[in-house]
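A.B. asks: Could you have a look at this structure, given as structure tokens, before my questions?
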Amino acid sequence: MSIRDNEEPTTPRPAPAIQDEPSAALPPTTDETPAVAQQMPSPELAKQESNADVASGKDSPQVDAARPAVEARPIIPPMDIEDLAALKVASDPQISPDGSLIVYTILECDADENMTHSSIWLVESAGGKTVVPRQLSAGTYHDTQPRWSPDGQSLAFLSDRSGMPQLYVLTLNGGEARQISSLAQGVTDYAWHPDGQKLLAHSAWKPQDDQRKDPVERLTTVCTRLGTQSDGAGDHHGRHQQLWLMPLYDGKALRLTSEPVDLLHSCWSPDGQEIVFCANRRADPDLSVSLALWILTLSTGQMRRLTPEEGLAQKPAWSPDGRLIAYLYTPDQTEASNVVPHVVEARGGTPRPAVPAASELTCQAWIIDELRAEYLACPQWYPDSQALLVPAQERGQLHLYRLDLAQQTSERLTNGNGRYITPQLSKNGEAIALVRADWFTPGDIWCMDAVGQHARKLTRVNDALLQSHRLMRPRRVRWQSFDGLEIEGWLYLPQLCEQERAPLILAPHGGPSLAWGESYVHEFQVLAGRGYAVLAPNPRGSAGYGEDFCRRVLNDWGGDDWRDLQAGLEHVIATEAIDGERLGISGLSYGGYMTNWALTRTTRFKAAVSRNGISSIPTAAALSDQSIWFNLVMGESARAQQRSALTFVDAIQTPLLLLHAQDDLRCPFSESQQLFVALRKRKRIVELVGYHGTSHLMDWPAVGTPLQRIDRLRRTIQWYEHYL
């Protein structure tokens with residue numbers, strides 16, 4: 001039974017008002033797509049949506065019965081493979097102490113040079129048609145993480161212009177950026193001290209670094225614990241992230257800690273006397289995935305623990321009055337439980353959810369689009385220390401919530417479609433800077449007031465490209481699975497002639513506790529532009545549908561989640577213009593696992609593309625940088641073996657393309673290699689492509705090179721065109 005969007009309950013709060021766009025361009029607001037969601041960068045882009053293949057119903061408020069037929073519309077080309085490298089990613093907005101300015105970063109690709117670079121930009125928060133963003137750094141290298149000094153006169157940022165990320169400071173009065181750190185292992189994170197005269201930095205260290213250089217490090221890897229490597233970073237060589245104090249002027253870096261574990265997510269107390277951070281300081285930290293909050297008192301060097309050692313406590317934020325620390329907490333290490341805003345007394349006490357309703361929220365923010373990878377955002381305190389601002393994921397969207405600690409209430413501030421990403425509250429609590437993204441854009445910088453009203457768009461980083469192409473708006477579809485559980489997904493339909501039916505690509509997502517949603521997915525736009533339909537499902541295990549829904553996948557990979565996908569296929573074949581004889585399947589990571597697994601369950605797929613996937617859960621668990629996590633989510637090895645594609649490799653008949661990053665430490669390259677060997681020995685149609693020098697998230701511009709990402713997409717399309 002299908003449940004359509006026009007059966008969704010109305011939202012009680014009105015949509016934020018748009019201030020810098022002509023109201024005449026706005027279609028009527030509906031429950032599903034209010035004004036802020038429908039807002040286009042210009043009337044031209046609003047016209048573009050009319051040209052797209054927009055589905056009917058409340059989910060598509062711009063449909064007009066009097067609109068010209070498809071054949072009469074202007075011919076606008078769809079997105080193509082190479083357009084991937086032209087997309088820019090605006091991220092990390094930071095609002096100045098006086099609230100008047102916002103700095104942010106833009107990541108760009110250079111396909112000719114096969115490299116990426118990022119620059120720092122500045123824009124006035126008031127917005128308006130005369131406001132033009134200004135570039136502050138040249139963008140020749142990777143300039144990231146801009147942070148305002150407490151007085152608002154300077155910006156610190158990280159840059160790899162000297163070879164690895166180091167701290168730089170740029171004054172807004174002019175002049176060149178000044179390098180203030182020269183740590184041997186670079187800087188991974190940092191924060192200004194409240195006095196503005198020094199910074200707290202995170203950098204890797206081991207005791208041998210203070211002694212004579214050890215040449216053995218370049219020749220060997222010595223392991224005494226698990227977790228000696230991590231995807232994207234490679235071998236740690238026994239180093240762990242430590243806390244360093246960096247004087248702003250004429251001083252030497254002072255290492256504050258020398259722990260045999262990583263110290264993460266640090267934050268200063270308002271008086272600058274203490275530091276809260278996250279760490280697993282258990283006796284055997286490599287045998288668990290837990291993090292607790294700890295406080296370091298600078299005057300004594302003593303540490304005290306604030307939260308239990310079980311579970312994951314992350315992203316702490318000290319209240320302005322110094323009394324409380326807010327943080328994100330999940331009670332287990334499976335990634336399937338809600339990530340809930342908590343608070344704890346800085347002097348010690350019992351941790352608790354920030355408000356009772358917070359337990360129903362998950363602040364896990366990652367909705368997949370293969371351009372943005374924001375996962376957790378630090379809670380933001382309102383200046384009275386009585387309320388928190390947090391983003392929460394729900395049904396493919398990301399909305400902002402105000403949690404009132406005094407009244408113990410929760411209020412959703414944003415409305416409509418899209419995602420409200422990495423919100424930053426101004427010091428006076430009157431404005432929120434953020435990234436907003438949806439189906440039609442990877443994201444722009446926006447600003448709104450502290451209660452989510454008067455939203456205004458400040459940047460248009462991809463408008464020129466997107467306005468010149470036809471974009472398909474996906475439709476939310478729902479179906480009942482075998483046990484009556486409602487499952488949701490997103491259906492991309494190409495433009496079709498009368499009586500024509502489209503081949504369909506089933507696209508299981510990664511995680512499994514991630515989700516598809518209201519995001520610009522370049523691959524799906526390219527496929528739809530070439531005549532393929534795409535079903536992007538969120539089966540049980542996906543985030544944003546409640547904790548019980550998410551936990552249903554534990555110890556059951558390839559079980560009921562696979563049955564959810566089968567039900568979704570049957571539903572769209574029965575109700576949409578889909579050719580049930582021309583089906584493909586493709587996924588990344590867990591989606592790659594599900595692709596491999598699906599081929600052992602059915603022969604109805606005519607083509608399959610598995611990316612950085614898993615063919616044997618036991619071997620992946622043994623070799624992955626997340627070995628403990630694999631054991632937690634799939635339990636004992638006998639069950640894991642029975643849910644592995646390699647166990648049933650004889651059943652695979654579908655032509656399979658295996659694409660895998662050779663430096664992948666999350667789902668090792670050997671997972672695709674062993675499946676390739678098994679299939680080739682059986683003379684099945686199979687091809688393995690290994691990508692050099694890149695890791696698990698190679699499809700994201702911050703990881704893979706432009707040519708790798710383009711090649712991956714091109715090979716995928718060609719595989720479908722040949723076999724489907």
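In the structure tokens, each chain is lettered A, B, ... as it comes, each chain's residues begin at 1, and ligands are numbered from 1 in order of appearance.
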Got a sec: who's within 8 Å of Ile180 (chain A), counting only C-alpha atoms, leaving out chain neighbours fewer than 3 positions off, as a list in words?
C.D. replies: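 The contact residues come out as Gln166, Leu167, Tyr168, Val169, Met246, Pro247, Leu248 and Tyr249 of chain A.
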A.B. asks: Which residues come within 9 Å of region 328-334 of chain A, counting only C-alpha atoms, excluding same-chain residues fewer than 4 positions away, as a PyMOL selection string?
C.D. replies: chain A and resi 288-290+310-316+338-343+353+363+376-379+551+554+629-630+632-633
A.B. asks: Using only C-alpha atoms, which protein or nucleic acid residues come within 6 Å of Gly690 (chain A)? Drop anything in the same chain fewer than 4 positions from it, and give the result as a list in words.
C.D. replies: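 Residues meeting the cut-off are His660, Ala661 and Gln662 of chain A.
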A.B. asks: Quick check, in Å to one decimal: how far apart do CA of Val103 (chain A) and CA of Leu361 (chain A) lie?
C.D. replies: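 Spanning CA of Val103 (chain A) to CA of Leu361 (chain A) is a straight-line distance of 28.9 Å.
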A.B. asks: Calculated over only C-alpha atoms, which of the candidates A:Leu588, A:Leu659, A:Ile505, A:Val677 has the smallest distance to Phe524 (chain A)?
C.D. replies: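 Among the listed residues, the smallest separation from Phe524 (chain A) belongs to A:Ile505.
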A.B. asks: I'd like to know which of A:Ala702, A:Leu256, A:Glu547, A:Val461 is closest to Ser359 (chain A), using only C-alpha atoms.
C.D. replies: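 When distances to Ser359 (chain A) are compared using only C-alpha atoms, the smallest one comes from A:Glu547.
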A.B. asks: Neighbours of Arg639 (chain A) within 10 Å (only C-alpha atoms; same-chain residues fewer than 2 positions away dropped), as a ChimeraX atom specification?
C.D. replies: /A:555-557,617-618,634-637,641-644
A.B. asks: Atoms to include: C-alpha atoms. Write the selected residues as a PDB file, in the first residue's frame.
C.D. replies:
ATOM      1  CA  ASN A 555      22.649  -8.513  13.659  1.00  0.00           C
ATOM      2  CA  ASP A 556      20.476  -8.788  10.556  1.00  0.00           C
ATOM      3  CA  TRP A 557      22.424  -7.426   7.586  1.00  0.00           C
ATOM      4  CA  ILE A 617      31.695  -9.810   6.828  1.00  0.00           C
ATOM      5  CA  PRO A 618      34.141 -11.927   8.895  1.00  0.00           C
ATOM      6  CA  MET A 634      26.792  -8.343  13.325  1.00  0.00           C
ATOM      7  CA  GLY A 635      27.675 -10.453  16.344  1.00  0.00           C
ATOM      8  CA  GLU A 636      29.190 -13.914  16.145  1.00  0.00           C
ATOM      9  CA  SER A 637      31.029 -15.002  13.018  1.00  0.00           C
ATOM     10  CA  GLN A 641      29.383 -15.790   7.378  1.00  0.00           C
ATOM     11  CA  GLN A 642      25.838 -16.739   6.395  1.00  0.00           C
ATOM     12  CA  ARG A 643      25.106 -13.127   5.433  1.00  0.00           C
ATOM     13  CA  SER A 644      28.165 -12.753   3.192  1.00  0.00           C
TER      14      SER A 644
END
A.B. asks: Applying 12 Å and only C-alpha atoms, which residues near Ser230 (chain A) remain after dropping the ones on its own chain fewer than 4 positions away? List them as a list in words.
C.D. replies: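 In the requested form, the answer reads Leu226, Gly234, Asp235, His236, His237, His240, Leu623, Ser624, Asp625, Gln626, Ser627, Asp663, Asp664, Leu665, Arg666, Cys667, Pro668, Ser695 and His696 of chain A.
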A.B. asks: Would you pick out the contacts of Thr257 (chain A) at 6 Å or less, using only C-alpha atoms, so that residues sharing its chain but fewer than 2 positions from it are not included, and give the list as a PyMOL selection string?
C.D. replies: chain A and resi 242-243+255+259
A.B. asks: What's around Ser299 (chain A) at 12 Å? Count only C-alpha atoms, leave out sequence neighbours fewer than 3 positions away in its own chain, and write the answer as number ranges by chain.
C.D. replies: A: 256, 272-275, 296, 302-303
A.B. asks: Of the candidates A:Gly416, A:Pro285, A:Gly174, A:Pro537, which one gets nearest to Gln397 (chain A) if we count only C-alpha atoms?
C.D. replies: A:Gly416
A.B. asks: Let's see if you can do this: from backbone DSSP, list all helix (DSSP H, G or I) residues in region 83-269 of chain A, as a list in words.
C.D. replies: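 Matching residues for helix (DSSP H, G or I) in region 83-269 of chain A are Asp83, Leu84, Ala85, Ala86, Pro207, Gln208, Asp209, Asp210, Pro215, Val216, Glu217 and Arg218 of chain A.
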A.B. asks: Save out the residues we just selected, N, CA and C atoms, as a PDB file, in the first residue's frame.
C.D. replies:
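Just written: out-v9.pdb:
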ATOM      1  N   ASP A  83      30.315  17.517 -15.296  1.00  0.00           N
ATOM      2  CA  ASP A  83      29.852  18.625 -14.459  1.00  0.00           C
ATOM      3  C   ASP A  83      30.167  18.403 -12.987  1.00  0.00           C
ATOM      4  N   LEU A  84      30.450  17.167 -12.629  1.00  0.00           N
ATOM      5  CA  LEU A  84      30.772  16.852 -11.233  1.00  0.00           C
ATOM      6  C   LEU A  84      31.934  17.700 -10.735  1.00  0.00           C
ATOM      7  N   ALA A  85      32.957  17.869 -11.569  1.00  0.00           N
ATOM      8  CA  ALA A  85      34.137  18.612 -11.139  1.00  0.00           C
ATOM      9  C   ALA A  85      33.893  20.116 -11.068  1.00  0.00           C
ATOM     10  N   ALA A  86      32.803  20.588 -11.657  1.00  0.00           N
ATOM     11  CA  ALA A  86      32.514  22.022 -11.640  1.00  0.00           C
ATOM     12  C   ALA A  86      31.741  22.453 -10.404  1.00  0.00           C
ATOM     13  N   PRO A 207      56.131   9.712  22.512  1.00  0.00           N
ATOM     14  CA  PRO A 207      57.320  10.096  23.278  1.00  0.00           C
ATOM     15  C   PRO A 207      58.598  10.144  22.442  1.00  0.00           C
ATOM     16  N   GLN A 208      58.726   9.255  21.475  1.00  0.00           N
ATOM     17  CA  GLN A 208      59.942   9.228  20.672  1.00  0.00           C
ATOM     18  C   GLN A 208      60.139  10.499  19.850  1.00  0.00           C
ATOM     19  N   ASP A 209      59.057  11.261  19.664  1.00  0.00           N
ATOM     20  CA  ASP A 209      59.183  12.503  18.898  1.00  0.00           C
ATOM     21  C   ASP A 209      60.067  13.517  19.615  1.00  0.00           C
ATOM     22  N   ASP A 210      60.184  13.400  20.932  1.00  0.00           N
ATOM     23  CA  ASP A 210      61.018  14.328  21.693  1.00  0.00           C
ATOM     24  C   ASP A 210      62.468  13.867  21.753  1.00  0.00           C
ATOM     25  N   PRO A 215      64.686   6.315  12.492  1.00  0.00           N
ATOM     26  CA  PRO A 215      64.498   5.936  11.089  1.00  0.00           C
ATOM     27  C   PRO A 215      63.696   4.665  10.909  1.00  0.00           C
ATOM     28  N   VAL A 216      63.524   3.876  11.983  1.00  0.00           N
ATOM     29  CA  VAL A 216      62.772   2.631  11.873  1.00  0.00           C
ATOM     30  C   VAL A 216      61.329   2.909  11.470  1.00  0.00           C
ATOM     31  N   GLU A 217      60.803   4.069  11.848  1.00  0.00           N
ATOM     32  CA  GLU A 217      59.426   4.411  11.527  1.00  0.00           C
ATOM     33  C   GLU A 217      59.160   4.363  10.032  1.00  0.00           C
ATOM     34  N   ARG A 218      60.143   4.698   9.240  1.00  0.00           N
ATOM     35  CA  ARG A 218      59.956   4.702   7.798  1.00  0.00           C
ATOM     36  C   ARG A 218      60.072   3.299   7.203  1.00  0.00           C
TER      37      ARG A 218
END
A.B. asks: Under the rule that only C-alpha atoms are counted, which of A:Leu697, A:Val187, A:Ala515, A:Leu713 is the nearest residue to Gly613 (chain A)?
C.D. replies: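 Closest to Gly613 (chain A) of all the choices is A:Leu697.
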A.B. asks: Based on the backbone DSSP call, show me all residues of region 321-422 of chain A assigned strand (DSSP E), as a PyMOL selection string.
C.D. replies: chain A and resi 324-330+340-345+352-353+380-381+387-394+397-404+409-412+419-422
A.B. asks: Any chance you can output those residues with N, CA and C atoms as a tab-separated table (two decimals), in the first residue's frame?
C.D. replies:
chain	number	residue	atom	x	y	z
A	324	LEU	N	27.38	24.69	32.96
A	324	LEU	CA	27.01	23.44	32.31
A	324	LEU	C	27.89	23.17	31.10
A	325	ILE	N	27.96	21.92	30.73
A	325	ILE	CA	28.58	21.52	29.46
A	325	ILE	C	27.55	20.72	28.69
A	326	ALA	N	27.25	21.16	27.48
A	326	ALA	CA	26.37	20.42	26.58
A	326	ALA	C	27.23	19.54	25.68
A	327	TYR	N	26.69	18.42	25.28
A	327	TYR	CA	27.43	17.52	24.40
A	327	TYR	C	26.44	16.58	23.73
A	328	LEU	N	26.93	15.79	22.79
A	328	LEU	CA	26.11	14.80	22.11
A	328	LEU	C	26.48	13.41	22.66
A	329	TYR	N	25.46	12.63	22.94
A	329	TYR	CA	25.70	11.34	23.58
A	329	TYR	C	24.85	10.25	22.94
A	330	THR	N	25.46	9.10	22.75
A	330	THR	CA	24.74	7.89	22.36
A	330	THR	C	25.21	6.76	23.26
A	340	VAL	N	21.95	12.04	21.06
A	340	VAL	CA	21.04	12.91	21.80
A	340	VAL	C	21.80	14.04	22.50
A	341	PRO	N	21.29	15.28	22.44
A	341	PRO	CA	21.90	16.38	23.21
A	341	PRO	C	21.76	16.14	24.71
A	342	HIS	N	22.88	16.17	25.42
A	342	HIS	CA	22.92	15.99	26.87
A	342	HIS	C	23.56	17.21	27.51
A	343	VAL	N	23.38	17.33	28.82
A	343	VAL	CA	24.09	18.34	29.60
A	343	VAL	C	24.59	17.69	30.89
A	344	VAL	N	25.67	18.27	31.43
A	344	VAL	CA	26.21	17.82	32.70
A	344	VAL	C	26.81	19.03	33.41
A	345	GLU	N	26.73	19.04	34.74
A	345	GLU	CA	27.33	20.13	35.51
A	345	GLU	C	28.85	20.10	35.35
A	352	ARG	N	22.38	14.17	31.85
A	352	ARG	CA	20.97	13.98	31.53
A	352	ARG	C	20.68	14.56	30.15
A	353	PRO	N	19.63	14.07	29.48
A	353	PRO	CA	19.21	14.71	28.24
A	353	PRO	C	18.91	16.19	28.50
A	380	GLN	N	24.99	24.54	20.24
A	380	GLN	CA	25.25	25.97	20.37
A	380	GLN	C	24.43	26.54	21.53
A	381	TRP	N	25.11	27.25	22.42
A	381	TRP	CA	24.43	27.86	23.57
A	381	TRP	C	23.88	29.24	23.21
A	387	ALA	N	19.33	27.83	26.94
A	387	ALA	CA	18.79	27.11	25.79
A	387	ALA	C	19.92	26.70	24.85
A	388	LEU	N	19.64	25.66	24.06
A	388	LEU	CA	20.59	25.12	23.09
A	388	LEU	C	19.98	25.13	21.70
A	389	LEU	N	20.85	25.31	20.72
A	389	LEU	CA	20.47	25.17	19.31
A	389	LEU	C	21.15	23.93	18.77
A	390	VAL	N	20.36	22.99	18.21
A	390	VAL	CA	20.92	21.76	17.65
A	390	VAL	C	20.20	21.42	16.35
A	391	PRO	N	20.90	20.79	15.40
A	391	PRO	CA	20.21	20.23	14.23
A	391	PRO	C	19.81	18.78	14.51
A	392	ALA	N	18.70	18.35	13.95
A	392	ALA	CA	18.24	16.97	14.12
A	392	ALA	C	17.73	16.44	12.79
A	393	GLN	N	18.07	15.17	12.52
A	393	GLN	CA	17.68	14.55	11.27
A	393	GLN	C	16.31	13.89	11.40
A	394	GLU	N	15.46	14.13	10.40
A	394	GLU	CA	14.15	13.50	10.39
A	394	GLU	C	13.69	13.28	8.96
A	397	GLN	N	15.41	14.93	6.04
A	397	GLN	CA	15.63	16.36	6.22
A	397	GLN	C	16.48	16.59	7.47
A	398	LEU	N	17.01	17.81	7.59
A	398	LEU	CA	17.77	18.21	8.77
A	398	LEU	C	17.22	19.54	9.23
A	399	HIS	N	16.64	19.58	10.42
A	399	HIS	CA	15.99	20.79	10.93
A	399	HIS	C	16.66	21.26	12.21
A	400	LEU	N	16.45	22.54	12.52
A	400	LEU	CA	17.03	23.15	13.71
A	400	LEU	C	16.01	23.16	14.85
A	401	TYR	N	16.50	22.85	16.05
A	401	TYR	CA	15.66	22.83	17.24
A	401	TYR	C	16.25	23.73	18.31
A	402	ARG	N	15.37	24.40	19.01
A	402	ARG	CA	15.76	25.16	20.21
A	402	ARG	C	15.28	24.38	21.43
A	403	LEU	N	16.24	23.98	22.25
A	403	LEU	CA	15.95	23.22	23.46
A	403	LEU	C	16.03	24.16	24.66
A	404	ASP	N	14.91	24.42	25.29
A	404	ASP	CA	14.83	25.35	26.43
A	404	ASP	C	15.04	24.56	27.72
A	409	THR	N	11.51	22.34	27.30
A	409	THR	CA	10.71	22.20	26.09
A	409	THR	C	11.62	22.16	24.87
A	410	SER	N	11.04	21.67	23.78
A	410	SER	CA	11.74	21.58	22.50
A	410	SER	C	10.89	22.25	21.44
A	411	GLU	N	11.50	23.11	20.63
A	411	GLU	CA	10.77	23.81	19.58
A	411	GLU	C	11.54	23.70	18.26
A	412	ARG	N	10.86	23.24	17.21
A	412	ARG	CA	11.49	23.20	15.90
A	412	ARG	C	11.42	24.58	15.28
A	419	ARG	N	17.89	20.80	4.04
A	419	ARG	CA	18.73	20.51	5.20
A	419	ARG	C	19.34	21.81	5.71
A	420	TYR	N	19.33	22.00	7.01
A	420	TYR	CA	19.92	23.16	7.67
A	420	TYR	C	21.15	22.67	8.42
A	421	ILE	N	22.31	22.93	7.85
A	421	ILE	CA	23.55	22.23	8.22
A	421	ILE	C	24.48	23.15	9.01
A	422	THR	N	25.21	22.60	9.98
A	422	THR	CA	26.23	23.27	10.79
A	422	THR	C	25.82	24.67	11.23
A.B. asks: So what do you get for CA of Gly396 (chain A) versus CA of Ala317 (chain A), distance-wise?
C.D. replies: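 We find that CA of Gly396 (chain A) and CA of Ala317 (chain A) lie 26.6 Å from each other.
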A.B. asks: Could you check which of A:Leu491, A:Ile81, A:Ile295, A:Val553 is closest to Val534 (chain A), using only C-alpha atoms?
C.D. replies: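 Of A:Leu491, A:Ile81, A:Ile295, A:Val553, the one nearest Val534 (chain A), counting only C-alpha atoms, is A:Leu491.
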A.B. asks: Give the answer as one residue: which of A:Ala598, A:Leu158, A:Met698, A:Leu287 has the shortest atom-to-atom distance to Ala201 (chain A), using only C-alpha atoms?
C.D. replies: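 Using only C-alpha atoms, the shortest distance to Ala201 (chain A) belongs to A:Leu158.
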A.B. asks: Between region 352-437 of chain A and region 443-451 of chain A, at 6 Å or less, what are the per-residue closest atom pairs and their distances in Å? Count only C-alpha atoms, order by chain and rising residue number, and return it as a tab-separated table.
C.D. replies:
residue	atom	partner	partner_atom	distance
A:Leu413	CA	A:Val451	CA	5.8
A:Glu430	CA	A:Ala450	CA	4.9
A:Ala431	CA	A:Asp449	CA	4.3
A:Ile432	CA	A:Met448	CA	5.3
A:Ala433	CA	A:Cys447	CA	4.5
A:Leu434	CA	A:Trp446	CA	5.4
A:Val435	CA	A:Ile445	CA	4.7
A:Arg436	CA	A:Gly443	CA	5.2
A:Ala437	CA	A:Gly443	CA	4.0
A.B. asks: Hey, can you spit out that residue selection with C-alpha atoms as a PDB file, in the first residue's frame?
C.D. replies:
ATOM      1  CA  LEU A 413      12.677  26.448  14.316  1.00  0.00           C
ATOM      2  CA  GLU A 430      20.235  37.125  17.610  1.00  0.00           C
ATOM      3  CA  ALA A 431      21.354  35.405  14.383  1.00  0.00           C
ATOM      4  CA  ILE A 432      22.109  31.928  13.037  1.00  0.00           C
ATOM      5  CA  ALA A 433      24.535  31.298  10.198  1.00  0.00           C
ATOM      6  CA  LEU A 434      24.216  27.966   8.416  1.00  0.00           C
ATOM      7  CA  VAL A 435      24.427  26.010   5.187  1.00  0.00           C
ATOM      8  CA  ARG A 436      21.157  25.161   3.490  1.00  0.00           C
ATOM      9  CA  ALA A 437      21.049  22.400   0.870  1.00  0.00           C
TER      10      ALA A 437
END
